[in-house]
Every structure is written in C-alpha cells, then in structure tokens.
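Peer 1: Enclosed is the structure file upload-v5.cif (mmCIF, C-alpha atoms and all ligand atoms).
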data_coords
loop_
_atom_site.group_PDB
_atom_site.id
_atom_site.type_symbol
_atom_site.label_atom_id
_atom_site.label_comp_id
_atom_site.auth_asym_id
_atom_site.auth_seq_id
_atom_site.Cartn_x
_atom_site.Cartn_y
_atom_site.Cartn_z
ATOM 1 C CA MET A 1 -39.704 -86.281 -168.039
ATOM 2 C CA LYS A 2 -41.299 -86.790 -164.657
ATOM 3 C CA LYS A 3 -39.945 -83.477 -163.438
ATOM 4 C CA LYS A 4 -41.499 -81.651 -166.359
ATOM 5 C CA ARG A 5 -44.919 -83.121 -165.648
ATOM 6 C CA ASN A 6 -44.659 -82.102 -162.004
ATOM 7 C CA THR A 7 -43.840 -78.554 -163.050
ATOM 8 C CA LYS A 8 -46.911 -78.447 -165.216
ATOM 9 C CA GLN A 9 -49.113 -79.747 -162.408
ATOM 10 C CA LYS A 10 -47.693 -77.208 -160.029
ATOM 11 C CA ALA A 11 -48.211 -74.372 -162.511
ATOM 12 C CA THR A 12 -51.817 -75.451 -163.029
ATOM 13 C CA VAL A 13 -52.616 -75.637 -159.309
ATOM 14 C CA TYR A 14 -50.936 -72.273 -158.792
ATOM 15 C CA ARG A 15 -52.946 -70.727 -161.622
ATOM 16 C CA VAL A 16 -56.198 -72.106 -160.203
ATOM 17 C CA VAL A 17 -55.537 -70.546 -156.785
ATOM 18 C CA GLN A 18 -54.481 -67.279 -158.435
ATOM 19 C CA SER A 19 -57.765 -67.058 -160.308
ATOM 20 C CA SER A 20 -59.943 -67.985 -157.301
ATOM 21 C CA ASN A 21 -61.325 -65.332 -155.009
ATOM 22 C CA ASP A 22 -63.470 -67.609 -152.882
ATOM 23 C CA HIS A 23 -60.828 -69.305 -150.689
ATOM 24 C CA PRO A 24 -61.325 -72.793 -152.167
ATOM 25 C CA THR A 25 -60.620 -76.056 -150.350
ATOM 26 C CA ALA A 26 -58.172 -78.567 -151.858
ATOM 27 C CA GLU A 27 -61.153 -80.456 -153.317
ATOM 28 C CA LYS A 28 -62.417 -77.306 -155.050
ATOM 29 C CA VAL A 29 -58.930 -76.566 -156.396
ATOM 30 C CA TYR A 30 -58.799 -80.147 -157.657
ATOM 31 C CA GLU A 31 -62.146 -79.794 -159.472
ATOM 32 C CA ARG A 32 -60.945 -76.629 -161.188
ATOM 33 C CA ALA A 33 -57.467 -77.953 -161.985
ATOM 34 C CA LYS A 34 -58.977 -81.076 -163.531
ATOM 35 C CA LYS A 35 -60.659 -78.968 -166.198
ATOM 36 C CA GLU A 36 -57.253 -77.803 -167.361
ATOM 37 C CA LEU A 37 -55.330 -80.970 -166.622
ATOM 38 C CA PRO A 38 -57.633 -84.020 -166.582
ATOM 39 C CA SER A 39 -54.827 -86.365 -165.492
ATOM 40 C CA ILE A 40 -54.137 -84.539 -162.221
ATOM 41 C CA SER A 41 -54.993 -86.424 -159.008
ATOM 42 C CA LEU A 42 -56.344 -85.142 -155.720
ATOM 43 C CA GLY A 43 -53.205 -86.403 -153.982
ATOM 44 C CA THR A 44 -51.038 -84.312 -156.283
ATOM 45 C CA VAL A 45 -53.194 -81.250 -155.654
ATOM 46 C CA TYR A 46 -52.786 -81.702 -151.876
ATOM 47 C CA ARG A 47 -49.019 -82.098 -152.202
ATOM 48 C CA VAL A 48 -48.595 -79.134 -154.560
ATOM 49 C CA LEU A 49 -50.771 -76.901 -152.356
ATOM 50 C CA LYS A 50 -48.610 -77.704 -149.315
ATOM 51 C CA GLU A 51 -45.505 -76.979 -151.388
ATOM 52 C CA LEU A 52 -46.834 -73.620 -152.574
ATOM 53 C CA VAL A 53 -47.787 -72.695 -148.987
ATOM 54 C CA SER A 54 -44.319 -73.561 -147.667
ATOM 55 C CA GLU A 55 -42.777 -71.500 -150.478
ATOM 56 C CA GLY A 56 -44.936 -68.560 -149.416
ATOM 57 C CA LYS A 57 -46.620 -68.305 -152.806
ATOM 58 C CA ILE A 58 -50.116 -68.901 -151.488
ATOM 59 C CA LYS A 59 -51.715 -68.853 -148.049
ATOM 60 C CA GLU A 60 -53.571 -71.521 -146.163
ATOM 61 C CA ILE A 61 -56.329 -70.622 -143.732
ATOM 62 C CA ILE A 62 -58.098 -73.078 -141.496
ATOM 63 C CA VAL A 63 -61.830 -72.605 -141.124
ATOM 64 C CA ASN A 64 -63.895 -75.112 -139.185
ATOM 65 C CA LYS A 65 -60.920 -77.483 -139.167
ATOM 66 C CA GLN A 66 -60.744 -77.407 -142.954
ATOM 67 C CA SER A 67 -57.952 -75.979 -145.066
ATOM 68 C CA HIS A 68 -58.746 -73.270 -147.552
ATOM 69 C CA PHE A 69 -56.293 -71.711 -149.956
ATOM 70 C CA GLU A 70 -55.930 -68.234 -151.331
ATOM 71 C CA LYS A 71 -53.634 -66.144 -153.475
ATOM 72 C CA ARG A 72 -53.291 -63.304 -150.991
ATOM 73 C CA THR A 73 -50.302 -63.723 -148.724
ATOM 74 C CA ASP A 74 -50.500 -60.300 -147.061
ATOM 75 C CA HIS A 75 -52.088 -59.634 -143.672
ATOM 76 C CA HIS A 76 -55.825 -59.605 -143.878
ATOM 77 C CA HIS A 77 -58.794 -61.021 -142.051
ATOM 78 C CA HIS A 78 -61.793 -63.148 -142.847
ATOM 79 C CA PHE A 79 -65.515 -63.144 -142.440
ATOM 80 C CA ILE A 80 -67.096 -66.589 -142.385
ATOM 81 C CA CYS A 81 -70.803 -67.160 -142.920
ATOM 82 C CA ARG A 82 -72.106 -70.023 -140.800
ATOM 83 C CA GLU A 83 -75.014 -70.623 -143.155
ATOM 84 C CA CYS A 84 -73.505 -70.781 -146.643
ATOM 85 C CA GLY A 85 -69.860 -71.195 -145.642
ATOM 86 C CA LYS A 86 -68.750 -68.203 -147.661
ATOM 87 C CA ILE A 87 -65.360 -66.796 -146.718
ATOM 88 C CA GLU A 88 -64.699 -63.181 -147.522
ATOM 89 C CA ASP A 89 -61.662 -60.971 -147.015
ATOM 90 C CA VAL A 90 -62.044 -58.287 -144.383
ATOM 91 C CA GLU A 91 -59.847 -55.221 -144.565
ATOM 92 C CA THR A 92 -59.385 -53.825 -141.104
ATOM 93 C CA PRO A 93 -56.324 -52.348 -139.453
ATOM 94 C CA LEU A 94 -54.534 -54.533 -136.956
ATOM 95 C CA CYS A 95 -55.203 -53.736 -133.353
ATOM 96 C CA ARG A 96 -51.773 -52.460 -132.388
ATOM 97 C CA TYR A 97 -52.793 -52.270 -128.748
ATOM 98 C CA THR A 98 -53.605 -55.969 -128.528
ATOM 99 C CA CYS A 99 -50.451 -56.805 -130.437
ATOM 100 C CA ARG A 100 -48.279 -54.742 -128.115
ATOM 101 C CA LYS A 101 -49.839 -56.380 -125.092
ATOM 102 C CA VAL A 102 -48.723 -59.771 -126.372
ATOM 103 C CA GLU A 103 -45.268 -58.501 -127.329
ATOM 104 C CA LYS A 104 -44.777 -57.066 -123.846
ATOM 105 C CA LYS A 105 -44.615 -60.636 -122.595
ATOM 106 C CA GLY A 106 -41.571 -61.102 -124.789
ATOM 107 C CA TYR A 107 -43.500 -62.951 -127.441
ATOM 108 C CA VAL A 108 -42.765 -62.474 -131.114
ATOM 109 C CA VAL A 109 -45.900 -62.059 -133.203
ATOM 110 C CA GLU A 110 -45.414 -63.461 -136.689
ATOM 111 C CA ASP A 111 -48.912 -63.606 -138.046
ATOM 112 C CA ILE A 112 -52.272 -62.230 -137.057
ATOM 113 C CA GLU A 113 -55.596 -63.203 -138.483
ATOM 114 C CA TYR A 114 -58.972 -62.190 -137.190
ATOM 115 C CA LYS A 115 -61.924 -64.388 -137.980
ATOM 116 C CA PHE A 116 -65.405 -62.903 -137.955
ATOM 117 C CA TYR A 117 -68.096 -65.554 -137.705
ATOM 118 C CA GLY A 118 -71.718 -64.873 -138.467
ATOM 119 C CA LEU A 119 -74.160 -64.473 -141.312
ATOM 120 C CA CYS A 120 -73.521 -62.875 -144.682
ATOM 121 C CA ASP A 121 -75.997 -60.258 -145.926
ATOM 122 C CA LYS A 122 -77.924 -62.763 -148.065
ATOM 123 C CA CYS A 123 -78.225 -65.389 -145.311
ATOM 124 C CA ALA A 124 -79.094 -62.767 -142.697
ATOM 125 C CA GLN A 125 -81.887 -61.551 -144.951
ATOM 126 C CA LYS A 126 -83.143 -65.084 -145.612
ATOM 127 C CA LEU A 127 -83.106 -66.058 -141.933
ATOM 128 C CA ASN A 128 -84.694 -62.800 -140.954
ATOM 129 C CA ILE A 129 -87.587 -63.499 -143.314
ATOM 130 C CA LYS A 130 -87.902 -67.037 -141.968
ATOM 131 C CA GLU A 131 -87.954 -65.857 -138.380
ATOM 132 C CA LYS A 132 -90.646 -63.301 -139.224
ATOM 133 C CA GLU A 133 -92.766 -66.002 -140.884
ATOM 134 C CA VAL A 134 -92.437 -68.194 -137.808
ATOM 135 C CA ALA A 135 -93.380 -65.305 -135.567
ATOM 136 C CA GLN A 136 -96.551 -64.667 -137.547
ATOM 137 C CA VAL A 137 -97.802 -68.257 -137.231
HETATM 138 ZN ZN ZN A 201 -74.161 -66.769 -146.160
HETATM 139 ZN ZN ZN A 202 -58.419 -64.047 -147.688
#
What's the structure tokens form of this structure?
Ligand SMILES: [Zn+2]
Ligand SMILES: [Zn+2]

Peer 2:
Amino acid sequence: MKKKRNTKQKATVYRVVQSSNDHPTAEKVYERAKKELPSISLGTVYRVLKELVSEGKIKEIIVNKQSHFEKRTDHHHHFICRECGKIEDVETPLCRYTCRKVEKKGYVVEDIEYKFYGLCDKCAQKLNIKEKEVAQV
C-alpha cells in the first residue's frame, strides 16, 4: 500500500518537472504537484527530486546556491537574469578547445555547463529606461 502511494507521488513530481520549462526550484515543483496531489509534502518532493536526479531522469542545476530542476538531461547551458531570476536554456556548441586543454592534464570531463549571468531582454529594457530617467534629472 505504502509503495503504491510512493509510486504515485514520484509519478506526479516527475510529470510536474516534465511539463515545466522554467527550471523550477523544489518549492515551485511542490506548489505545482500539490494541485494534482494535495496530500504530497515538501519533504517528499525533495526526496523524490533527488531520486529522479540520481536515476538520470531529470537534471539538477545550482544557481545562486539554489537547486533548480529540469526535464532536459542533455548538454546545454543556461542564461540567468540577475534581476528577475529567470533561467533560460542556451544552445551553444561546447568549446572543444577549452575541453581539450583540461583533458590534456589527464582529467576526464564528465559534464560541462556554461552559465551566462546578466539581464534578460525585458529587464535590460526596464533598467535602461530607468537609467535614462535618472540621467535626465
Ligand atoms: Zn529578467
Ligand atoms: Zn536547462
């Protein structure tokens, strides 16, 4: 009986991550999972997320010391907006030169993730307007 319930919780958490494109935190996944399964607890969501990550079904990325989860498990990179906190996938080829430089030392590269920090288009526009206003005063 208990096993069955766990399976259902796991399936729900998995589904939530699969239908999210915004790299949600565990808390966000919990909020969404609760709509489907009101009895689910935050602790369960944490545990199930870790399980899914270790099984390679979802990916965990750490941004500003916080864990975010996503359905994509392939190599890709992220842009992070410092204003609104938005995390977006960035498709860019891996820098083979940099990679080879590391491998020359005898190291084995298992995962590569670039993080681009800055402002998204909307925040850049907003801040730009603000700065202009300040400049006029
Ligand atoms: Zn932004
Ligand atoms: Zn991503």

Peer 1: Given the file shown, enumerate the residues that the PyMOL selection byres (((chain A and resi 28) around 12) and not hetatm) captures and present them as a PyMOL selection string.

Peer 2: chain A and resi 13+16-17+20+22-27+29-35+42+45-46+49+67-70

Peer 1: Using all atoms of range 47-56 of chain A that appear in the file, construct an axis-aligned enclosing box with 6 Å of padding on every side and provide its centre coordinates and edge lengths in Å, rounded to one decimal, as JSON.

Peer 2:
{"center_x": -46.8, "center_y": -75.3, "center_z": -151.1, "size_x": 20.0, "size_y": 25.5, "size_z": 18.9}

Peer 1: Within 12 Å of range 113-119 of chain A, counting all atoms listed in the file, which residues qualify if same-chain residues fewer than 3 places away don't, as a ChimeraX atom specification?

Peer 2: /A:59-64,73-95,98-99,109-110,122-128

Peer 1: Go ahead and compute the interatomic distance for CA of Gln9 in chain A and CA of Lys57 in chain A, in Å to one decimal.

Peer 2: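 If I compute the distance from CA of Gln9 in chain A to CA of Lys57 in chain A, I get 15.1 Å.
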
Peer 1: Mind checking which residues fall within 12 Å of Lys8 in chain A, counting only C-alpha atoms, ignoring those fewer than 6 positions away in the same chain, and posting them as a list in words?

Peer 2: Met1, Lys2, Tyr14, Arg15, Ala33, Glu36, Leu37, Ser39, Ile40, Thr44, Val45 and Val48 of chain A

Peer 1: Out of A:Thr7, A:Thr12, A:Arg96, A:Asn21, which residue has the shortest atom-to-atom distance to Arg72 in chain A when counting all atoms listed in the file?

Peer 2: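 So, comparing all the options, the nearest one is A:Asn21.
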
Peer 1: For CA of Gln18 in chain A and CA of Val53 in chain A, quote the distance in Å rounded to one decimal.

Peer 2: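 Spanning CA of Gln18 in chain A to CA of Val53 in chain A is a straight-line distance of 12.8 Å.
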
Peer 1: Compare A:Glu133, A:Lys71, A:Gly106, A:Asp111 by their minimum atom-to-atom distance to ligand ZN 202 (chain A), counting only C-alpha atoms and all ligand atoms, and give me the closest one.

Peer 2: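 The answer is A:Lys71, which sits nearest to ligand ZN 202 (chain A).
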
Peer 1: Looking at only C-alpha atoms and all ligand atoms, which of A:Val108, A:Ile129, A:Ile58, A:Cys120 is the one that sits closest to ligand ZN 202 (chain A)?

Peer 2: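 Going through A:Val108, A:Ile129, A:Ile58, A:Cys120 one by one, the smallest distance to ligand ZN 202 (chain A) is for A:Ile58.
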